[in-house]
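Presented below is the structure to which this report refers.
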Amino acid sequence: MRTVVHFVDGQAFGGAEQIAAMLLAGLDRNRWRPVLVHHPAPGLAPLLKDAERHGVELRPVPRMGDALAGIVQLRRVLRTVRPSVFHAHLNWPLACRRGLAAAVLARVPAVVATVQLFGGPERCPPSLVQQVISKGVDRFLAVSDWVAHGLWHVSKVPARKIRVVRNGIPLRAFEGRVDERLRAMLSGGSARSLILTPARLDEQKGHKYLLKAAAMVPEAVFVLAGDGPVRAELEEQARALGVADRVVFLGYREDIPALLAACDLFVLPSLFEGYPLSVMEAAAAQKPIVATAVGGTDEAIRHGETGLLVPPADPAALAKAIRTLLSEPALAARLAAAARARAAEFSAETMCKQTFEIYDEVLSLRGGNADRG
């Protein structure tokens, strides 16, 4: 039986960590022994809990300020575990550098990296460090064509090392009925429409533009599910805009399927993305979708067919799209039904199958002494 190590270096349970959890759960235990290497962080509790539930061995390693010491320690752990595959989950292009370096130095036969996000050349400029690391990685799994394009054209990763494996979700989890008590709690007992944005409270997600749009949509309550570094700023902004009574900050939630079932409309105002899980979850829940026309999101949603796309950082356009779907229920229903029909493309099973086939592909080439560089 072969061992596969999954490595995350984040401190919160975001998209990269959700994908790691699904892949760990989906591994064939007759073929693979799964190990999760991570840094101790309270925000990773959902990932660790899920991994333990699926019998995954956990290997915590302390986060060190000294890069070389961190690499040496990770290499020591990998030499002990002796994996056939090392799979790093990158929530931005330069994440997991120490883990990838340690895997190469430990001579792990197959080194794989999933890249979740690309913000364009202005946010993710070419890096010598990244180019050096990429020489030791056998396959970069880009979650969208947009991310693949960035890896190739900006980060200078050879095209032969890149595979597009789109994120997947557990579709059946989003087929639940509306919990009327939850809906009443979120709306404060009012008859206003409910608009849900499940996303980490980070500048990347564009919440400040959503709050400006909220001021133009007085007929709705805006529900923000997630936590993050800009929460205090957003709460102050909501007060300054006079919309604090119509904006609900829920913090981190694990009941996203129930929240989606209870809402009328899903909105994601991101400034840049990779291939957002939340959009696919909204599609699976058959909810009308408004999102920004940024790389990755515009692959998941087809404007006018499965949702409405608007320019990023444009509150007026965001408000207009929201009001359009709230005032035209037939259009909203048509788009939501089309999104649900397409959601079959977003299955976790497909993602897992494609990923595990790449493990086998790389190991087969390694057996033939394929060149890593």
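Letters A, B, ... mark the chains of the structure tokens in the order given; residue numbers begin at 1 per chain; ligand numbers begin at 1, in order shown.
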Test item: residues at most 10 Å from A:Ala199, only C-alpha atoms, excluding those fewer than 5 positions along its chain, as a ChimeraX atom specification: /A:14-15,204-207,224-228,251-252,267-270,276-278
Can you tell me, as a compact mmCIF listing (two decimals) with C-alpha atoms, in the first residue's frame, which residues in stretch 120-347 of chain A count as strand (DSSP E) by DSSP?
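For reference, states-v7.txt as written:
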```txt
# COMPACT_ATOMS: atom_id res chain seq x y z
CA ARG A 139 2.38 18.32 -11.66
CA PHE A 140 0.57 21.56 -10.92
CA LEU A 141 -3.18 21.02 -10.70
CA ALA A 142 -4.85 24.27 -11.74
CA ILE A 162 0.06 21.67 -15.74
CA ARG A 163 -3.25 19.85 -15.57
CA VAL A 164 -6.65 21.48 -15.08
CA SER A 193 -35.49 39.05 0.62
CA LEU A 194 -32.42 37.22 1.93
CA ILE A 195 -29.11 37.56 0.11
CA LEU A 196 -26.29 35.23 1.15
CA THR A 197 -22.54 35.70 0.69
CA PRO A 198 -20.57 32.80 2.21
CA ALA A 220 -33.13 42.95 1.15
CA VAL A 221 -31.22 41.61 4.14
CA PHE A 222 -27.59 40.72 3.42
CA VAL A 223 -26.21 37.69 5.26
CA LEU A 224 -22.41 37.34 5.45
CA ALA A 225 -21.26 33.86 6.48
CA VAL A 247 -26.46 43.18 7.32
CA VAL A 248 -26.02 40.04 9.39
CA PHE A 249 -22.46 38.99 10.27
CA LEU A 250 -22.72 35.30 11.12
CA GLY A 251 -19.02 34.51 11.52
CA LEU A 265 -30.19 34.92 -3.82
CA PHE A 266 -26.46 34.17 -3.71
CA VAL A 267 -23.88 36.93 -4.32
CA LEU A 268 -20.08 36.67 -4.60
CA ILE A 289 -26.42 33.70 -8.64
CA VAL A 290 -24.84 37.13 -9.00
CA ALA A 291 -21.04 37.19 -9.12
CA THR A 292 -18.18 39.23 -10.50
CA LEU A 308 -25.47 37.18 -13.83
CA LEU A 309 -21.88 38.46 -13.93
CA VAL A 310 -20.93 42.07 -13.22
```
Just checking: using only C-alpha atoms, which residue out of A:Gln73, A:Glu57, A:Val178, A:Val165 ends up closest to A:Phe356?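 Checking each candidate against A:Phe356, we get A:Val165 as the closest.
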Skipping near chain neighbours, those fewer than 5 positions away, what residues fall within 12 Å of A:Arg29 using only C-alpha atoms, listed as a list in words?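 Surrounding residues, per the criterion: Met1, Arg2, Thr3, Val4, Leu23, Leu24, Pro34, Val35, His54, Gly55 and Val56 of chain A.
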Pick out the residues sitting within 9 Å of A:Leu331, and hand them over as a ChimeraX atom specification; count only C-alpha atoms, and ignore anything fewer than 6 positions along from it in its own chain. /A:288,324-325
Stretch 15-56 of chain A: which residues are helix (DSSP H, G or I) by DSSP, as a list in words?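 Reading the DSSP output for stretch 15-56 of chain A, helix (DSSP H, G or I) covers Gly15, Ala16, Glu17, Gln18, Ile19, Ala20, Ala21, Met22, Leu23, Leu24, Ala25, Gly26, Ala45, Pro46, Leu47, Leu48, Lys49, Asp50, Ala51, Glu52 and Arg53 of chain A.
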Å distance separating atom CA of A:Gly189 from atom CA of A:Ile322, one decimal place: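 Atom CA of A:Ile322 lies 21.2 Å from atom CA of A:Gly189.
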